[in-house]
Amino acid sequence: MMSRVSEILENSKERLFTVEFPEIDSGGMERIAKHVDRIGPWFDAANSTDNTAAHAHASNTAVAIAIKIYGIEPILQIVCRDKNRLAIQSDLMGAALHGIENVVMLTGDDVSAGDEPEARRVFDLDGPQAVVVANVLATGQYLSGRKINPAPNFYIGAVENPAAPPVDYRIQRALKKHRAGARFLQLQICYHPDRLENFCRGVAELAPKLHIIPSVVLVKNEKSLNFMNDKVPGIDIPQSTIEGVKNSADPGESAYQLVLQQSKHALSLPGVRGLHVIDFRRDNSLERLMRELGRTPKL
């Protein structure tokens, strides 16, 4: 049996819409259910993040299991920053125990990006090597050679940043991850349309079977854009974009229109099979965006 993510990307012409599940620090399963009620009708799957931006939160595997319990297909993220190869294999096999198949392997932001910069870095592996780990487990053995029967049925993804210099090298990194076993890429947020277009075209030409899922983020105003530009590793937002939102008659509406424009542009590019949405607004903008992109809610 295939996951819905793999079914859409491999056997369908549908677009895949995924969403970043909010970080969980407290509130228990009631908090999970509240988020599911809001995002569930619009998306095919939700990312369970792994201490995103080097901030500690409820564990990636635990949240992925909770998401699944409430009826949304999870995509489990696993970062190399905090875990050696034993812990990465443990995360993967723990997820498989609960029928979680979609996994995204990534290097992760450095601890200096977070609120506990004194934490020790692990980085036993990097993102491409972590993809190899997931692929090896899927063949029915641990890295040690110890057998796994039956083998887990992972559908493996990775991440890439199309806007980070050196830009041309990003295409080669994507191909490296594809050769390691990644079937899809969820991209970092990109505020440079030309760089995104060049990346997607290059990947589509060299690896037409690698499915690209660009990301967009819903924010309320220019303050959020400034914060991401200044504080979030790997994100570079042109000052003209920030000023355009700031100086508009309605910054909130301008920020929304920016995301709508980015979404439509991303979905038009070669190799792009869907969209990943991150919602920092937490208002009705998420539903509005989905409707304006032609989505209808699931019953």
# chains A, B, ... in the order shown; residues from 1 in each chain; ligands from 1

call {"tool": "residues_around", "arguments": {"residues": "range 179-183 of chain A", "least_positions_apart": "3", "cutoff": "12 Å", "atoms": "only C-alpha atoms", "output": "ChimeraX atom specification"}}
result
/A:5-6,9-10,102-106,126-139,154-160,172-176,186,206-213,273

call {"tool": "residues_around", "arguments": {"residues": "range 89-101 of chain A", "least_positions_apart": "5", "cutoff": "9 Å", "atoms": "only C-alpha atoms", "output": "count of residues only"}}
result
24

call {"tool": "closest_atom_pairs", "arguments": {"of": "range 41-112 of chain A", "to": "range 289-297 of chain A", "cutoff": "12 Å", "atoms": "only C-alpha atoms", "output": "JSON lines"}}
result
{"residue": "A:Pro41", "atom": "CA", "partner": "A:Pro297", "partner_atom": "CA", "distance": 4.8}
{"residue": "A:Trp42", "atom": "CA", "partner": "A:Pro297", "partner_atom": "CA", "distance": 5.2}
{"residue": "A:Phe43", "atom": "CA", "partner": "A:Pro297", "partner_atom": "CA", "distance": 8.4}
{"residue": "A:Asp44", "atom": "CA", "partner": "A:Pro297", "partner_atom": "CA", "distance": 10.6}

call {"tool": "write_last_selection", "arguments": {"atoms": "C-alpha atoms", "output": "tab-separated table (two decimals), in the first residue's frame"}}
result
chain	number	residue	atom	x	y	z
A	41	PRO	CA	-9.49	19.86	4.98
A	42	TRP	CA	-7.01	21.55	2.65
A	43	PHE	CA	-3.86	19.43	2.54
A	44	ASP	CA	-2.73	15.98	1.46

call {"tool": "select_by_dssp", "arguments": {"residues": "range 99-268 of chain A", "states": "strand (DSSP E)", "output": "PyMOL selection string"}}
result
chain A and resi 102-106+155-160+184-187+211-213+215-218

call {"tool": "residues_around", "arguments": {"residues": "range 231-243 of chain A", "least_positions_apart": "4", "cutoff": "8 Å", "atoms": "only C-alpha atoms", "output": "VMD selection string"}}
result
chain A and resid 53 109 113 161 163 to 164 188 to 192 222 225 to 227 247

call {"tool": "residues_around", "arguments": {"residues": "Phe123 in chain A", "least_positions_apart": "5", "cutoff": "8 Å", "atoms": "only C-alpha atoms", "output": "number ranges by chain"}}
result
A: 80-84, 107

call {"tool": "atom_distance", "arguments": {"atom1": "CA of Gly274 in chain A", "atom2": "CA of Lys13 in chain A"}}
result
10.2 Å

call {"tool": "closest_residue", "arguments": {"among": "A:Tyr256, A:Cys200, A:Asn284, A:Leu218", "to": "Pro270 in chain A", "atoms": "only C-alpha atoms"}}
result
A:Cys200

call {"tool": "select_by_dssp", "arguments": {"residues": "range 36-161 of chain A", "states": "helix (DSSP H, G or I)", "output": "count of residues only"}}
result
48

call {"tool": "residues_around", "arguments": {"residues": "Val19 in chain A", "least_positions_apart": "4", "cutoff": "6 Å", "atoms": "only C-alpha atoms", "output": "PyMOL selection string"}}
result
chain A and resi 46+276-278

call {"tool": "write_last_selection", "arguments": {"atoms": "N, CA and C atoms", "output": "compact mmCIF listing (two decimals), in the first residue's frame"}}
result
# COMPACT_ATOMS: atom_id res chain seq x y z
N ALA A 46 1.02 16.60 6.12
CA ALA A 46 1.58 17.65 6.96
C ALA A 46 2.96 17.25 7.46
N HIS A 276 4.23 23.56 -0.81
CA HIS A 276 4.31 23.39 0.64
C HIS A 276 4.04 24.74 1.29
N VAL A 277 3.11 24.78 2.25
CA VAL A 277 2.67 26.04 2.84
C VAL A 277 3.03 26.09 4.32
N ILE A 278 3.61 27.20 4.72
CA ILE A 278 3.91 27.48 6.13
C ILE A 278 3.06 28.67 6.52

call {"tool": "closest_residue", "arguments": {"among": "A:Lys147, A:Glu205, A:Arg38, A:Gln261", "to": "Pro22 in chain A", "atoms": "only C-alpha atoms"}}
result
A:Arg38

call {"tool": "decode", "arguments": {"residues": "range 48-185 of chain A", "atoms": "C-alpha atoms", "output": "PDB file, in the first residue's frame"}}
result
ATOM      1  CA  SER A  48       6.185  16.980  11.441  1.00  0.00           C
ATOM      2  CA  THR A  49       9.291  19.093  11.977  1.00  0.00           C
ATOM      3  CA  ASP A  50      12.382  18.137  13.968  1.00  0.00           C
ATOM      4  CA  ASN A  51      13.362  20.943  16.364  1.00  0.00           C
ATOM      5  CA  THR A  52      13.002  23.471  13.570  1.00  0.00           C
ATOM      6  CA  ALA A  53      15.395  26.447  13.547  1.00  0.00           C
ATOM      7  CA  ALA A  54      17.341  24.744  16.379  1.00  0.00           C
ATOM      8  CA  HIS A  55      14.569  25.284  18.944  1.00  0.00           C
ATOM      9  CA  ALA A  56      13.444  22.343  21.105  1.00  0.00           C
ATOM     10  CA  HIS A  57       9.829  21.204  20.659  1.00  0.00           C
ATOM     11  CA  ALA A  58       7.815  18.021  21.101  1.00  0.00           C
ATOM     12  CA  SER A  59       9.563  15.221  19.225  1.00  0.00           C
ATOM     13  CA  ASN A  60       9.158  14.827  15.500  1.00  0.00           C
ATOM     14  CA  THR A  61       8.141  11.163  15.727  1.00  0.00           C
ATOM     15  CA  ALA A  62       5.619  11.736  18.524  1.00  0.00           C
ATOM     16  CA  VAL A  63       3.934  14.573  16.644  1.00  0.00           C
ATOM     17  CA  ALA A  64       3.898  12.545  13.410  1.00  0.00           C
ATOM     18  CA  ILE A  65       2.103   9.710  15.220  1.00  0.00           C
ATOM     19  CA  ALA A  66      -0.408  12.177  16.690  1.00  0.00           C
ATOM     20  CA  ILE A  67      -1.048  13.730  13.276  1.00  0.00           C
ATOM     21  CA  LYS A  68      -1.716  10.270  11.865  1.00  0.00           C
ATOM     22  CA  ILE A  69      -4.103   9.420  14.696  1.00  0.00           C
ATOM     23  CA  TYR A  70      -6.180  12.481  13.801  1.00  0.00           C
ATOM     24  CA  GLY A  71      -6.364  11.563  10.149  1.00  0.00           C
ATOM     25  CA  ILE A  72      -3.692  13.619   8.383  1.00  0.00           C
ATOM     26  CA  GLU A  73      -0.903  11.795   6.573  1.00  0.00           C
ATOM     27  CA  PRO A  74       2.398  12.829   8.174  1.00  0.00           C
ATOM     28  CA  ILE A  75       5.718  13.631   6.550  1.00  0.00           C
ATOM     29  CA  LEU A  76       8.400  13.011   9.149  1.00  0.00           C
ATOM     30  CA  GLN A  77      11.384  15.359   9.065  1.00  0.00           C
ATOM     31  CA  ILE A  78      14.659  14.145  10.556  1.00  0.00           C
ATOM     32  CA  VAL A  79      17.650  16.464  11.009  1.00  0.00           C
ATOM     33  CA  CYS A  80      21.285  15.489  11.433  1.00  0.00           C
ATOM     34  CA  ARG A  81      22.187  18.360  13.763  1.00  0.00           C
ATOM     35  CA  ASP A  82      20.934  16.632  16.926  1.00  0.00           C
ATOM     36  CA  LYS A  83      21.281  12.934  16.102  1.00  0.00           C
ATOM     37  CA  ASN A  84      23.929  10.418  15.173  1.00  0.00           C
ATOM     38  CA  ARG A  85      23.268   7.562  12.771  1.00  0.00           C
ATOM     39  CA  LEU A  86      21.907   5.325  15.535  1.00  0.00           C
ATOM     40  CA  ALA A  87      19.292   7.894  16.564  1.00  0.00           C
ATOM     41  CA  ILE A  88      18.380   8.568  12.927  1.00  0.00           C
ATOM     42  CA  GLN A  89      17.793   4.874  12.304  1.00  0.00           C
ATOM     43  CA  SER A  90      15.781   4.700  15.524  1.00  0.00           C
ATOM     44  CA  ASP A  91      13.568   7.612  14.424  1.00  0.00           C
ATOM     45  CA  LEU A  92      12.966   5.967  11.075  1.00  0.00           C
ATOM     46  CA  MET A  93      12.142   2.543  12.449  1.00  0.00           C
ATOM     47  CA  GLY A  94       9.957   4.025  15.189  1.00  0.00           C
ATOM     48  CA  ALA A  95       7.983   5.836  12.526  1.00  0.00           C
ATOM     49  CA  ALA A  96       7.696   2.669  10.437  1.00  0.00           C
ATOM     50  CA  LEU A  97       6.308   0.862  13.486  1.00  0.00           C
ATOM     51  CA  HIS A  98       3.326   3.228  13.329  1.00  0.00           C
ATOM     52  CA  GLY A  99       2.862   3.009   9.568  1.00  0.00           C
ATOM     53  CA  ILE A 100       4.542   6.328   8.787  1.00  0.00           C
ATOM     54  CA  GLU A 101       6.148   6.117   5.344  1.00  0.00           C
ATOM     55  CA  ASN A 102       6.906   9.675   4.182  1.00  0.00           C
ATOM     56  CA  VAL A 103      10.254  10.915   5.483  1.00  0.00           C
ATOM     57  CA  VAL A 104      12.331  13.991   4.680  1.00  0.00           C
ATOM     58  CA  MET A 105      15.999  13.910   5.595  1.00  0.00           C
ATOM     59  CA  LEU A 106      17.930  17.142   6.123  1.00  0.00           C
ATOM     60  CA  THR A 107      21.133  18.448   7.635  1.00  0.00           C
ATOM     61  CA  GLY A 108      19.423  21.066   9.818  1.00  0.00           C
ATOM     62  CA  ASP A 109      20.271  24.596  10.925  1.00  0.00           C
ATOM     63  CA  ASP A 110      23.263  25.101  13.169  1.00  0.00           C
ATOM     64  CA  VAL A 111      22.586  25.420  16.910  1.00  0.00           C
ATOM     65  CA  SER A 112      23.639  29.075  16.719  1.00  0.00           C
ATOM     66  CA  ALA A 113      20.283  29.756  15.014  1.00  0.00           C
ATOM     67  CA  GLY A 114      18.331  28.662  18.080  1.00  0.00           C
ATOM     68  CA  ASP A 115      17.729  29.694  21.678  1.00  0.00           C
ATOM     69  CA  GLU A 116      20.195  27.186  23.186  1.00  0.00           C
ATOM     70  CA  PRO A 117      23.402  27.915  21.254  1.00  0.00           C
ATOM     71  CA  GLU A 118      25.471  26.120  23.901  1.00  0.00           C
ATOM     72  CA  ALA A 119      24.025  22.778  22.744  1.00  0.00           C
ATOM     73  CA  ARG A 120      26.533  20.372  21.230  1.00  0.00           C
ATOM     74  CA  ARG A 121      26.325  19.791  17.514  1.00  0.00           C
ATOM     75  CA  VAL A 122      26.167  16.195  16.314  1.00  0.00           C
ATOM     76  CA  PHE A 123      26.261  16.224  12.482  1.00  0.00           C
ATOM     77  CA  ASP A 124      27.446  12.620  12.362  1.00  0.00           C
ATOM     78  CA  LEU A 125      25.900  12.637   8.872  1.00  0.00           C
ATOM     79  CA  ASP A 126      24.745  15.320   6.473  1.00  0.00           C
ATOM     80  CA  GLY A 127      21.492  15.518   4.526  1.00  0.00           C
ATOM     81  CA  PRO A 128      22.540  13.422   1.494  1.00  0.00           C
ATOM     82  CA  GLN A 129      24.062  10.778   3.772  1.00  0.00           C
ATOM     83  CA  ALA A 130      20.867  10.676   5.831  1.00  0.00           C
ATOM     84  CA  VAL A 131      18.931  10.015   2.616  1.00  0.00           C
ATOM     85  CA  VAL A 132      21.233   7.034   2.061  1.00  0.00           C
ATOM     86  CA  VAL A 133      20.425   5.765   5.573  1.00  0.00           C
ATOM     87  CA  ALA A 134      16.688   5.837   4.889  1.00  0.00           C
ATOM     88  CA  ASN A 135      17.237   4.121   1.559  1.00  0.00           C
ATOM     89  CA  VAL A 136      19.352   1.364   3.145  1.00  0.00           C
ATOM     90  CA  LEU A 137      16.682   0.665   5.777  1.00  0.00           C
ATOM     91  CA  ALA A 138      14.099   0.451   3.002  1.00  0.00           C
ATOM     92  CA  THR A 139      16.130  -2.370   1.433  1.00  0.00           C
ATOM     93  CA  GLY A 140      15.665  -4.433   4.590  1.00  0.00           C
ATOM     94  CA  GLN A 141      18.751  -3.901   6.711  1.00  0.00           C
ATOM     95  CA  TYR A 142      20.335  -1.541   9.217  1.00  0.00           C
ATOM     96  CA  LEU A 143      23.629   0.159   8.368  1.00  0.00           C
ATOM     97  CA  SER A 144      25.354  -2.611  10.318  1.00  0.00           C
ATOM     98  CA  GLY A 145      23.928  -5.199   7.936  1.00  0.00           C
ATOM     99  CA  ARG A 146      21.452  -6.554  10.500  1.00  0.00           C
ATOM    100  CA  LYS A 147      18.313  -7.672   8.692  1.00  0.00           C
ATOM    101  CA  ILE A 148      14.876  -6.013   8.886  1.00  0.00           C
ATOM    102  CA  ASN A 149      11.998  -8.273   7.873  1.00  0.00           C
ATOM    103  CA  PRO A 150       9.718  -6.987   6.532  1.00  0.00           C
ATOM    104  CA  ALA A 151      11.559  -3.928   5.249  1.00  0.00           C
ATOM    105  CA  PRO A 152       9.948  -0.545   5.953  1.00  0.00           C
ATOM    106  CA  ASN A 153       8.212   1.098   3.013  1.00  0.00           C
ATOM    107  CA  PHE A 154       9.701   4.581   3.103  1.00  0.00           C
ATOM    108  CA  TYR A 155       8.954   7.272   0.549  1.00  0.00           C
ATOM    109  CA  ILE A 156      12.033   9.443   0.875  1.00  0.00           C
ATOM    110  CA  GLY A 157      12.357  13.176   0.400  1.00  0.00           C
ATOM    111  CA  ALA A 158      14.993  15.830   0.991  1.00  0.00           C
ATOM    112  CA  VAL A 159      15.211  19.612   1.094  1.00  0.00           C
ATOM    113  CA  GLU A 160      17.117  22.187  -0.921  1.00  0.00           C
ATOM    114  CA  ASN A 161      17.497  25.956  -0.961  1.00  0.00           C
ATOM    115  CA  PRO A 162      17.237  27.292  -4.537  1.00  0.00           C
ATOM    116  CA  ALA A 163      18.271  30.822  -3.544  1.00  0.00           C
ATOM    117  CA  ALA A 164      21.397  30.218  -1.471  1.00  0.00           C
ATOM    118  CA  PRO A 165      24.765  30.916  -3.099  1.00  0.00           C
ATOM    119  CA  PRO A 166      26.448  29.394  -4.954  1.00  0.00           C
ATOM    120  CA  VAL A 167      23.125  29.082  -6.770  1.00  0.00           C
ATOM    121  CA  ASP A 168      24.268  26.778  -9.567  1.00  0.00           C
ATOM    122  CA  TYR A 169      25.654  24.310  -7.019  1.00  0.00           C
ATOM    123  CA  ARG A 170      22.164  23.872  -5.550  1.00  0.00           C
ATOM    124  CA  ILE A 171      21.106  21.943  -8.637  1.00  0.00           C
ATOM    125  CA  GLN A 172      24.052  19.594  -8.188  1.00  0.00           C
ATOM    126  CA  ARG A 173      23.167  19.069  -4.510  1.00  0.00           C
ATOM    127  CA  ALA A 174      19.621  18.201  -5.526  1.00  0.00           C
ATOM    128  CA  LEU A 175      20.927  15.641  -7.991  1.00  0.00           C
ATOM    129  CA  LYS A 176      23.232  14.201  -5.318  1.00  0.00           C
ATOM    130  CA  LYS A 177      20.245  13.696  -3.006  1.00  0.00           C
ATOM    131  CA  HIS A 178      18.246  12.157  -5.850  1.00  0.00           C
ATOM    132  CA  ARG A 179      21.038   9.690  -6.576  1.00  0.00           C
ATOM    133  CA  ALA A 180      21.108   8.845  -2.863  1.00  0.00           C
ATOM    134  CA  GLY A 181      17.435   7.865  -3.002  1.00  0.00           C
ATOM    135  CA  ALA A 182      15.309  11.015  -2.632  1.00  0.00           C
ATOM    136  CA  ARG A 183      12.140  10.954  -4.727  1.00  0.00           C
ATOM    137  CA  PHE A 184      10.941  14.471  -3.918  1.00  0.00           C
ATOM    138  CA  LEU A 185      12.321  17.803  -2.750  1.00  0.00           C
TER     139      LEU A 185
END
